[in-house]
$ cat protein-v3.cif   # mmCIF, C-alpha atoms
data_data
loop_
_atom_site.label_atom_id
_atom_site.label_comp_id
_atom_site.auth_asym_id
_atom_site.auth_seq_id
_atom_site.Cartn_x
_atom_site.Cartn_y
_atom_site.Cartn_z
CA MET A 1 214.45 -137.70 29.65
CA GLY A 2 213.80 -133.97 29.81
CA LEU A 3 211.33 -132.16 32.02
CA THR A 4 209.28 -133.96 34.62
CA ILE A 5 206.68 -132.90 37.17
CA GLY A 6 206.86 -133.55 40.89
CA VAL A 7 203.71 -133.49 43.00
CA ASP A 8 203.82 -132.95 46.75
CA ILE A 9 200.58 -133.75 48.60
CA GLY A 10 200.36 -131.71 51.79
CA GLY A 11 197.74 -131.44 54.48
CA THR A 12 196.47 -128.08 53.21
CA LYS A 13 197.77 -127.82 49.65
CA ILE A 14 198.91 -129.90 46.69
CA ALA A 15 201.92 -128.48 44.87
CA ALA A 16 203.01 -129.50 41.38
CA GLY A 17 206.28 -128.30 39.87
CA VAL A 18 208.12 -128.66 36.57
CA VAL A 19 211.69 -129.77 37.30
CA ASP A 20 214.67 -130.03 34.97
CA GLU A 21 217.55 -132.50 35.06
CA GLU A 22 219.56 -130.26 37.40
CA GLY A 23 216.80 -130.25 40.03
CA THR A 24 215.74 -126.68 39.24
CA ILE A 25 212.03 -125.91 39.60
CA LEU A 26 210.93 -124.01 36.49
CA ASP A 27 207.25 -123.56 37.22
CA THR A 28 204.82 -124.36 40.04
CA TYR A 29 201.10 -124.50 40.66
CA LYS A 30 199.25 -125.09 43.92
CA VAL A 31 195.68 -126.08 44.74
CA PRO A 32 194.00 -126.60 48.13
CA THR A 33 193.93 -130.19 49.37
CA PRO A 34 190.34 -131.46 49.07
CA PRO A 35 188.73 -133.33 52.00
CA THR A 36 187.93 -136.52 50.04
CA ALA A 37 190.16 -139.20 48.50
CA ASP A 38 188.61 -138.83 45.05
CA GLY A 39 188.92 -135.07 45.36
CA VAL A 40 192.65 -135.37 46.02
CA THR A 41 193.10 -137.45 42.87
CA GLU A 42 191.19 -134.87 40.81
CA ALA A 43 193.22 -132.04 42.35
CA ILE A 44 196.50 -133.80 41.47
CA CYS A 45 195.38 -134.09 37.85
CA ALA A 46 194.23 -130.47 37.75
CA ALA A 47 197.53 -129.21 39.17
CA VAL A 48 199.55 -131.31 36.72
CA SER A 49 197.46 -130.11 33.80
CA GLU A 50 197.85 -126.48 34.80
CA VAL A 51 201.59 -126.50 35.46
CA SER A 52 202.37 -128.47 32.28
CA SER A 53 200.48 -126.13 29.94
CA ASN A 54 203.64 -124.29 28.82
CA HIS A 55 206.07 -127.22 28.92
CA THR A 56 206.68 -130.56 27.25
CA ILE A 57 206.57 -133.10 30.08
CA ASP A 58 207.89 -136.66 29.96
CA ALA A 59 206.66 -138.11 33.27
CA VAL A 60 205.10 -137.31 36.65
CA GLY A 61 206.21 -138.31 40.16
CA ILE A 62 203.78 -138.15 43.08
CA GLY A 63 204.89 -138.06 46.73
CA ALA A 64 202.22 -139.48 49.01
CA ALA A 65 202.29 -139.75 52.81
CA GLY A 66 201.65 -143.44 53.31
CA TYR A 67 202.69 -146.94 52.34
CA VAL A 68 203.31 -147.33 48.61
CA ASP A 69 203.61 -150.79 47.08
CA ASP A 70 206.74 -152.25 45.51
CA LYS A 71 205.57 -151.34 41.98
CA ARG A 72 205.26 -147.65 42.90
CA ALA A 73 201.68 -147.72 41.75
CA THR A 74 199.29 -148.33 44.65
CA VAL A 75 198.97 -146.48 47.94
CA LEU A 76 198.39 -149.35 50.35
CA PHE A 77 197.53 -147.09 53.27
CA ALA A 78 197.55 -143.34 53.85
CA PRO A 79 196.96 -142.08 57.41
CA ASN A 80 195.57 -138.68 56.44
CA ILE A 81 193.67 -139.54 53.26
CA ASN A 82 191.14 -142.35 52.96
CA TRP A 83 193.31 -144.33 50.56
CA ARG A 84 193.30 -148.10 51.11
CA HIS A 85 194.90 -150.05 48.24
CA GLU A 86 194.31 -146.99 46.07
CA PRO A 87 195.50 -147.51 42.43
CA LEU A 88 196.74 -143.93 42.23
CA LYS A 89 199.18 -144.47 39.36
CA ASP A 90 196.52 -145.94 37.07
CA LYS A 91 193.91 -143.32 37.96
CA VAL A 92 196.21 -140.38 37.31
CA GLU A 93 197.75 -141.87 34.15
CA GLN A 94 194.31 -142.37 32.65
CA ARG A 95 193.48 -138.72 33.18
CA ILE A 96 196.73 -137.01 32.19
CA GLY A 97 198.15 -139.38 29.56
CA LEU A 98 201.68 -139.39 31.00
CA PRO A 99 203.75 -142.05 32.82
CA VAL A 100 203.34 -141.75 36.59
CA VAL A 101 205.50 -142.93 39.49
CA VAL A 102 204.06 -142.93 43.02
CA GLU A 103 206.43 -142.87 45.98
CA ASN A 104 206.31 -142.28 49.72
CA ASP A 105 206.79 -138.57 50.40
CA ALA A 106 209.68 -139.06 52.83
CA ASN A 107 211.47 -141.21 50.25
CA CYS A 108 210.95 -138.43 47.72
CA ALA A 109 212.44 -135.86 50.08
CA ALA A 110 215.39 -138.16 50.83
CA TRP A 111 216.06 -138.69 47.15
CA GLY A 112 215.84 -134.97 46.46
CA GLU A 113 218.42 -134.21 49.15
CA TYR A 114 220.68 -137.04 47.97
CA ARG A 115 220.62 -135.90 44.35
CA PHE A 116 220.55 -132.12 44.65
CA GLY A 117 221.02 -131.15 48.30
CA ALA A 118 223.08 -132.10 51.33
CA GLY A 119 223.66 -135.67 50.14
CA GLN A 120 225.68 -134.77 47.07
CA GLY A 121 229.04 -136.56 47.15
CA HIS A 122 227.76 -139.39 49.35
CA ASP A 123 226.92 -142.91 48.20
CA ASP A 124 225.30 -144.04 51.44
CA VAL A 125 222.89 -141.65 53.13
CA ILE A 126 220.12 -141.98 55.70
CA CYS A 127 217.60 -139.14 55.83
CA ILE A 128 215.16 -138.34 58.58
CA THR A 129 212.47 -135.67 58.53
CA LEU A 130 211.59 -134.08 61.86
CA GLY A 131 208.17 -132.62 61.20
CA THR A 132 204.85 -133.20 62.90
CA GLY A 133 205.94 -136.84 62.88
CA LEU A 134 209.22 -138.51 61.90
CA GLY A 135 209.84 -139.94 58.44
CA GLY A 136 212.88 -141.24 56.65
CA GLY A 137 214.60 -142.57 53.57
CA ILE A 138 217.46 -144.97 52.84
CA ILE A 139 219.99 -144.52 50.03
CA ILE A 140 222.64 -147.23 50.00
CA GLY A 141 225.02 -147.73 47.10
CA ASN A 142 223.43 -144.78 45.30
CA LYS A 143 220.04 -146.48 45.24
CA LEU A 144 216.84 -145.73 47.12
CA ARG A 145 216.15 -148.81 49.24
CA ARG A 146 212.43 -149.42 49.65
CA GLY A 147 212.38 -152.99 51.01
CA ARG A 148 210.68 -156.02 49.50
CA PHE A 149 207.16 -154.61 49.82
CA GLY A 150 208.03 -150.95 49.28
CA VAL A 151 207.43 -149.72 52.82
CA ALA A 152 210.91 -149.55 54.36
CA ALA A 153 212.31 -146.57 56.31
CA GLU A 154 209.26 -145.93 58.50
CA PHE A 155 211.74 -144.91 61.17
CA GLY A 156 209.22 -142.94 63.18
CA HIS A 157 207.51 -146.17 64.19
CA ILE A 158 210.52 -147.96 65.58
CA ARG A 159 209.62 -148.60 69.22
CA VAL A 160 212.20 -146.92 71.44
CA VAL A 161 210.28 -147.08 74.74
CA PRO A 162 208.52 -150.36 75.58
CA ASP A 163 204.93 -149.58 76.59
CA GLY A 164 205.68 -145.89 76.11
CA LEU A 165 203.49 -143.10 74.79
CA LEU A 166 200.58 -144.09 72.57
CA CYS A 167 201.27 -143.36 68.91
CA GLY A 168 198.78 -142.53 66.18
CA CYS A 169 199.79 -145.76 64.44
CA GLY A 170 198.24 -147.71 67.33
CA SER A 171 201.53 -148.83 68.87
CA GLN A 172 203.28 -147.47 71.95
CA GLY A 173 206.69 -145.89 72.45
CA CYS A 174 207.37 -145.04 68.80
CA TRP A 175 210.42 -142.87 68.07
CA GLU A 176 208.32 -140.04 66.63
CA GLN A 177 206.56 -139.63 69.96
CA TYR A 178 209.90 -138.49 71.38
CA ALA A 179 211.63 -136.85 68.38
CA SER A 180 209.24 -134.71 66.32
CA GLY A 181 207.60 -131.32 66.23
CA ARG A 182 204.70 -132.70 68.23
CA ALA A 183 207.11 -133.99 70.89
CA LEU A 184 208.88 -130.62 71.02
CA VAL A 185 205.62 -128.83 71.85
CA ARG A 186 204.82 -131.42 74.52
CA TYR A 187 208.22 -130.97 76.16
CA ALA A 188 207.84 -127.20 76.22
CA LYS A 189 204.34 -127.30 77.69
CA GLN A 190 205.38 -129.74 80.41
CA ARG A 191 208.41 -127.67 81.40
CA ALA A 192 206.56 -124.36 81.26
CA ASN A 193 203.89 -125.79 83.53
CA ALA A 194 206.50 -127.08 86.01
CA THR A 195 208.75 -123.99 86.03
CA PRO A 196 206.89 -120.99 84.55
CA GLU A 197 209.56 -118.67 85.95
CA ASN A 198 211.99 -120.16 83.39
CA ALA A 199 209.53 -119.72 80.52
CA ALA A 200 208.72 -116.03 80.68
CA ILE A 201 209.69 -115.32 77.08
CA LEU A 202 207.99 -118.45 75.78
CA LEU A 203 204.73 -117.81 77.62
CA ALA A 204 204.65 -114.18 76.53
CA LEU A 205 204.79 -115.22 72.88
CA GLY A 206 201.57 -117.21 73.29
CA ASP A 207 198.50 -116.51 75.38
CA GLY A 208 200.40 -116.58 78.67
CA THR A 209 199.54 -120.20 79.50
CA PRO A 210 201.39 -123.47 78.77
CA ASP A 211 198.43 -124.69 76.72
CA GLY A 212 198.89 -121.75 74.35
CA ILE A 213 202.44 -122.72 73.38
CA GLU A 214 202.98 -123.51 69.69
CA GLY A 215 206.02 -124.68 67.76
CA LYS A 216 206.75 -121.22 66.34
CA HIS A 217 206.80 -119.82 69.88
CA ILE A 218 209.38 -122.35 71.00
CA SER A 219 211.71 -121.52 68.12
CA GLU A 220 211.52 -117.78 68.72
CA ALA A 221 211.87 -118.13 72.48
CA ALA A 222 214.89 -120.42 72.14
CA ARG A 223 216.60 -117.87 69.90
CA GLN A 224 216.04 -115.32 72.67
CA GLY A 225 217.55 -117.64 75.28
CA ASP A 226 214.38 -118.80 77.05
CA LEU A 227 215.52 -121.63 79.33
CA VAL A 228 212.46 -123.84 78.87
CA ALA A 229 212.47 -123.47 75.08
CA VAL A 230 216.19 -124.30 74.86
CA ASP A 231 215.71 -127.29 77.14
CA ALA A 232 212.80 -128.55 75.02
CA PHE A 233 215.05 -128.53 71.95
CA ARG A 234 217.76 -130.35 73.90
CA GLU A 235 215.32 -133.07 74.93
CA LEU A 236 214.14 -133.57 71.36
CA ALA A 237 217.77 -133.63 70.20
CA ARG A 238 218.70 -136.21 72.82
CA TRP A 239 216.13 -138.62 71.43
CA ALA A 240 216.89 -137.80 67.80
CA GLY A 241 220.64 -138.31 68.21
CA ALA A 242 220.22 -141.57 70.10
CA GLY A 243 217.99 -142.85 67.32
CA LEU A 244 220.55 -141.92 64.68
CA ALA A 245 223.17 -143.86 66.64
CA ASP A 246 220.95 -146.93 66.42
CA LEU A 247 220.47 -146.39 62.68
CA ALA A 248 224.27 -146.16 62.32
CA SER A 249 224.49 -149.66 63.78
CA LEU A 250 222.04 -150.86 61.11
CA PHE A 251 223.18 -149.03 57.98
CA ASP A 252 226.62 -147.47 58.64
CA PRO A 253 226.08 -144.50 56.28
CA SER A 254 228.61 -141.79 55.58
CA ALA A 255 226.01 -139.12 56.36
CA PHE A 256 222.70 -138.52 58.07
CA ILE A 257 220.61 -135.72 56.63
CA VAL A 258 218.14 -134.11 59.00
CA GLY A 259 215.22 -132.32 57.37
CA GLY A 260 211.67 -131.33 58.21
CA GLY A 261 210.36 -128.20 59.90
CA VAL A 262 212.25 -128.74 63.15
CA SER A 263 215.57 -128.76 61.29
CA ASP A 264 214.90 -125.23 60.03
CA GLU A 265 216.31 -124.05 63.38
CA GLY A 266 219.79 -125.04 62.19
CA ASP A 267 222.51 -125.44 64.80
CA LEU A 268 220.04 -124.75 67.60
CA VAL A 269 218.84 -128.31 67.09
CA LEU A 270 221.62 -129.84 64.94
CA ASP A 271 224.47 -129.28 67.40
CA PRO A 272 222.73 -131.08 70.30
CA ILE A 273 221.67 -133.87 67.91
CA ARG A 274 225.33 -134.33 66.95
CA LYS A 275 226.35 -134.45 70.61
CA SER A 276 223.70 -137.03 71.40
CA PHE A 277 224.67 -139.09 68.36
CA LYS A 278 228.30 -139.09 69.49
CA ARG A 279 227.27 -139.99 73.04
CA TRP A 280 225.22 -143.04 72.04
CA LEU A 281 227.16 -144.36 69.02
CA VAL A 282 228.32 -147.86 69.89
CA GLY A 283 232.11 -148.09 69.66
CA GLY A 284 232.22 -144.41 68.86
CA ALA A 285 235.71 -143.94 70.22
CA TRP A 286 237.14 -146.44 67.72
CA ARG A 287 235.04 -146.13 64.58
CA PRO A 288 234.47 -143.46 61.91
CA HIS A 289 231.51 -141.17 62.58
CA ALA A 290 228.89 -140.37 59.98
CA GLN A 291 228.32 -136.68 59.38
CA VAL A 292 225.05 -135.24 60.65
CA LEU A 293 224.02 -132.64 58.08
CA ALA A 294 221.17 -130.17 57.78
CA ALA A 295 218.92 -130.64 54.78
CA GLN A 296 219.42 -127.97 52.12
CA LEU A 297 216.27 -128.03 49.98
CA GLY A 298 213.71 -127.27 52.67
CA GLY A 299 210.11 -127.73 51.60
CA LYS A 300 211.15 -128.25 47.96
CA ALA A 301 212.87 -131.58 48.61
CA GLY A 302 209.80 -133.79 48.18
CA LEU A 303 208.65 -132.16 44.97
CA VAL A 304 212.13 -132.19 43.42
CA GLY A 305 212.74 -135.78 44.55
CA ALA A 306 209.41 -137.00 43.16
CA ALA A 307 210.16 -135.38 39.80
CA ASP A 308 213.61 -136.96 39.64
CA LEU A 309 212.31 -140.39 40.59
CA ALA A 310 209.83 -140.09 37.71
CA ARG A 311 212.80 -139.34 35.47
CA GLN A 312 214.59 -142.45 36.74
CA GLY A 313 211.52 -144.51 35.87
#
$ encode --input "protein-v3.cif" --output "structure tokens"
Amino acid sequence: MGLTIGVDIGGTKIAAGVVDEEGTILDTYKVPTPPTADGVTEAICAAVSEVSSNHTIDAVGIGAAGYVDDKRATVLFAPNINWRHEPLKDKVEQRIGLPVVVENDANCAAWGEYRFGAGQGHDDVICITLGTGLGGGIIIGNKLRRGRFGVAAEFGHIRVVPDGLLCGCGSQGCWEQYASGRALVRYAKQRANATPENAAILLALGDGTPDGIEGKHISEAARQGDLVAVDAFRELARWAGAGLADLASLFDPSAFIVGGGVSDEGDLVLDPIRKSFKRWLVGGAWRPHAQVLAAQLGGKAGLVGAADLARQG
């Protein structure tokens, strides 16, 4: 199979890209994300039509944030789009006349990193994405493992604190409430409120109050040595690394790949994650340790992964 298209559905934009067999993006087109479910479907088709106008395309892969069924056809549930048992594959295929594969967006990103990014050379890889929430993907024996019903690797909703913080999924104590971009901002606000004298740089980057702190402020302040910002990253990393240690007990991969917006800070967050992972890995003194690697493809991973999964069929 030659060229395929990957579609990445984001909160503000839908990106479609033509991708070759080497994972290189040859052409892209973006449209704003509409507010309605039907509008999103129409926007996907419009983006695919536009980006394919100068190429011969064999198939299309769509990365959707939500639960996708075992046939990679129906979005069972999407938290941010009103899709409930939405037959997305059939709807898009009817409009564009090409084979379509629908996959969870975190699975797409994991596959992209495995095939063309940090996972190259590994047969067994677990990926996590530290963004607004926490997503993941499982590649074992060179295959993407989706579970019997297609909805495996929802790592962010593993309960790590019984009766802990309320999660948007309706449960309490989910991992993403403690290891995510949202958690990072909460840590920084709490610490800046308790010890504002240690957050002078951080507070100055916002409106001067803890409530004005945003993720971008924490990153910049941490790079400048702000004590509260650095400590917020350490707290996030403590939870992230401990969670990876638990996943090592389940899957025993050769590598963990950490992606998502939080991972863009590189060793500022990766080094403390590695230390936490080592601290909490059961039997760590006597067993091999998986590598903890930074994702390499950035925001392109989902689009490239979706396109390659369409190529795999």
$ closest_residue --input "protein-v3.cif" --among "A:Thr36, A:Gln94, A:Asn80, A:Thr129" --to "Gly11 (chain A)" --atoms "all atoms listed in the file"
A:Asn80
$ residues_around --input "protein-v3.cif" --residues "Val100 (chain A)" --least-positions-apart "2" --cutoff "12 Å" --atoms "all atoms listed in the file" --output "ChimeraX atom specification"
/A:4-7,44-45,48,57-63,71-74,87-98,102-103,306-313
$ closest_residue --input "protein-v3.cif" --among "A:Arg223, A:Lys275, A:Arg182, A:Arg145" --to "Leu202 (chain A)" --atoms "all atoms listed in the file"
A:Arg223
$ atom_distance --input "protein-v3.cif" --atom1 "CA of Asp123 (chain A)" --atom2 "CA of Asn107 (chain A)"
15.7 Å
$ atom_distance --input "protein-v3.cif" --atom1 "CA of Asp231 (chain A)" --atom2 "CA of Gln172 (chain A)"
24.3 Å
$ axis_aligned_box --input "protein-v3.cif" --around "region 287-300 of chain A" --padding-each-side "6 Å" --output "AutoDock Vina command-line options"
--center_x 222.6 --center_y -136.7 --center_z 56.3 --size_x 36.9 --size_y 30.9 --size_z 28.6
$ decode --input "protein-v3.cif" --residues "region 208-235 of chain A" --atoms "N, CA, C and O atoms" --output "JSON list (two decimals), in the first residue's frame"
[["chain", "number", "residue", "atom", "x", "y", "z"],
["A", 208, "GLY", "N", -0.08, 37.56, 38.81],
["A", 208, "GLY", "CA", 0.36, 37.87, 40.16],
["A", 208, "GLY", "C", -0.35, 37.08, 41.24],
["A", 208, "GLY", "O", 0.00, 37.19, 42.41],
["A", 209, "THR", "N", -1.37, 36.28, 40.86],
["A", 209, "THR", "CA", -2.11, 35.49, 41.83],
["A", 209, "THR", "C", -2.00, 34.00, 41.48],
["A", 209, "THR", "O", -1.80, 33.65, 40.31],
["A", 210, "PRO", "N", -2.14, 33.12, 42.47],
["A", 210, "PRO", "CA", -2.13, 31.68, 42.16],
["A", 210, "PRO", "C", -3.18, 31.27, 41.14],
["A", 210, "PRO", "O", -2.93, 30.39, 40.31],
["A", 211, "ASP", "N", -4.35, 31.90, 41.18],
["A", 211, "ASP", "CA", -5.40, 31.52, 40.24],
["A", 211, "ASP", "C", -5.03, 31.84, 38.79],
["A", 211, "ASP", "O", -5.61, 31.26, 37.86],
["A", 212, "GLY", "N", -4.09, 32.73, 38.58],
["A", 212, "GLY", "CA", -3.68, 33.10, 37.23],
["A", 212, "GLY", "C", -2.60, 32.22, 36.64],
["A", 212, "GLY", "O", -2.17, 32.42, 35.50],
["A", 213, "ILE", "N", -2.17, 31.19, 37.37],
["A", 213, "ILE", "CA", -1.10, 30.31, 36.89],
["A", 213, "ILE", "C", -1.63, 29.38, 35.79],
["A", 213, "ILE", "O", -2.67, 28.75, 35.94],
["A", 214, "GLU", "N", -0.88, 29.28, 34.70],
["A", 214, "GLU", "CA", -1.19, 28.38, 33.61],
["A", 214, "GLU", "C", 0.00, 27.45, 33.36],
["A", 214, "GLU", "O", 1.11, 27.71, 33.84],
["A", 215, "GLY", "N", -0.25, 26.38, 32.60],
["A", 215, "GLY", "CA", 0.80, 25.41, 32.35],
["A", 215, "GLY", "C", 2.06, 26.02, 31.75],
["A", 215, "GLY", "O", 3.19, 25.68, 32.14],
["A", 216, "LYS", "N", 1.89, 26.93, 30.79],
["A", 216, "LYS", "CA", 3.05, 27.55, 30.15],
["A", 216, "LYS", "C", 3.88, 28.35, 31.15],
["A", 216, "LYS", "O", 5.11, 28.45, 31.02],
["A", 217, "HIS", "N", 3.22, 28.92, 32.15],
["A", 217, "HIS", "CA", 3.94, 29.67, 33.18],
["A", 217, "HIS", "C", 4.81, 28.74, 34.02],
["A", 217, "HIS", "O", 5.94, 29.08, 34.38],
["A", 218, "ILE", "N", 4.28, 27.57, 34.32],
["A", 218, "ILE", "CA", 5.02, 26.63, 35.17],
["A", 218, "ILE", "C", 6.27, 26.16, 34.47],
["A", 218, "ILE", "O", 7.35, 26.07, 35.06],
["A", 219, "SER", "N", 6.16, 25.86, 33.18],
["A", 219, "SER", "CA", 7.32, 25.41, 32.41],
["A", 219, "SER", "C", 8.41, 26.47, 32.38],
["A", 219, "SER", "O", 9.58, 26.19, 32.64],
["A", 220, "GLU", "N", 8.02, 27.70, 32.06],
["A", 220, "GLU", "CA", 9.00, 28.78, 31.98],
["A", 220, "GLU", "C", 9.62, 29.06, 33.33],
["A", 220, "GLU", "O", 10.84, 29.24, 33.45],
["A", 221, "ALA", "N", 8.80, 29.09, 34.37],
["A", 221, "ALA", "CA", 9.32, 29.36, 35.71],
["A", 221, "ALA", "C", 10.27, 28.27, 36.18],
["A", 221, "ALA", "O", 11.30, 28.55, 36.81],
["A", 222, "ALA", "N", 9.94, 27.02, 35.87],
["A", 222, "ALA", "CA", 10.82, 25.91, 36.28],
["A", 222, "ALA", "C", 12.18, 26.02, 35.60],
["A", 222, "ALA", "O", 13.21, 25.75, 36.21],
["A", 223, "ARG", "N", 12.17, 26.42, 34.32],
["A", 223, "ARG", "CA", 13.44, 26.59, 33.62],
["A", 223, "ARG", "C", 14.29, 27.70, 34.23],
["A", 223, "ARG", "O", 15.52, 27.70, 34.13],
["A", 224, "GLN", "N", 13.62, 28.66, 34.88],
["A", 224, "GLN", "CA", 14.33, 29.75, 35.55],
["A", 224, "GLN", "C", 14.64, 29.44, 37.01],
["A", 224, "GLN", "O", 15.18, 30.29, 37.73],
["A", 225, "GLY", "N", 14.29, 28.23, 37.46],
["A", 225, "GLY", "CA", 14.64, 27.81, 38.81],
["A", 225, "GLY", "C", 13.63, 28.16, 39.88],
["A", 225, "GLY", "O", 13.96, 28.06, 41.08],
["A", 226, "ASP", "N", 12.43, 28.56, 39.51],
["A", 226, "ASP", "CA", 11.40, 28.86, 40.51],
["A", 226, "ASP", "C", 11.12, 27.62, 41.35],
["A", 226, "ASP", "O", 10.82, 26.54, 40.83],
["A", 227, "LEU", "N", 11.21, 27.75, 42.67],
["A", 227, "LEU", "CA", 11.12, 26.59, 43.56],
["A", 227, "LEU", "C", 9.76, 25.90, 43.49],
["A", 227, "LEU", "O", 9.67, 24.67, 43.48],
["A", 228, "VAL", "N", 8.69, 26.68, 43.45],
["A", 228, "VAL", "CA", 7.35, 26.09, 43.41],
["A", 228, "VAL", "C", 7.13, 25.38, 42.08],
["A", 228, "VAL", "O", 6.58, 24.27, 42.05],
["A", 229, "ALA", "N", 7.55, 25.97, 40.98],
["A", 229, "ALA", "CA", 7.36, 25.34, 39.67],
["A", 229, "ALA", "C", 8.14, 24.03, 39.58],
["A", 229, "ALA", "O", 7.61, 23.01, 39.10],
["A", 230, "VAL", "N", 9.38, 24.03, 40.05],
["A", 230, "VAL", "CA", 10.19, 22.81, 40.03],
["A", 230, "VAL", "C", 9.55, 21.74, 40.90],
["A", 230, "VAL", "O", 9.48, 20.55, 40.52],
["A", 231, "ASP", "N", 9.04, 22.13, 42.06],
["A", 231, "ASP", "CA", 8.42, 21.17, 42.97],
["A", 231, "ASP", "C", 7.12, 20.61, 42.38],
["A", 231, "ASP", "O", 6.80, 19.43, 42.59],
["A", 232, "ALA", "N", 6.39, 21.43, 41.63],
["A", 232, "ALA", "CA", 5.17, 20.94, 40.98],
["A", 232, "ALA", "C", 5.51, 19.85, 39.97],
["A", 232, "ALA", "O", 4.82, 18.82, 39.88],
["A", 233, "PHE", "N", 6.57, 20.06, 39.19],
["A", 233, "PHE", "CA", 7.00, 19.03, 38.25],
["A", 233, "PHE", "C", 7.44, 17.76, 38.97],
["A", 233, "PHE", "O", 7.17, 16.64, 38.53],
["A", 234, "ARG", "N", 8.13, 17.92, 40.10],
["A", 234, "ARG", "CA", 8.57, 16.75, 40.86],
["A", 234, "ARG", "C", 7.38, 15.94, 41.38],
["A", 234, "ARG", "O", 7.41, 14.71, 41.40],
["A", 235, "GLU", "N", 6.34, 16.65, 41.82],
["A", 235, "GLU", "CA", 5.16, 15.94, 42.33],
["A", 235, "GLU", "C", 4.47, 15.17, 41.21],
["A", 235, "GLU", "O", 4.09, 14.00, 41.38]]
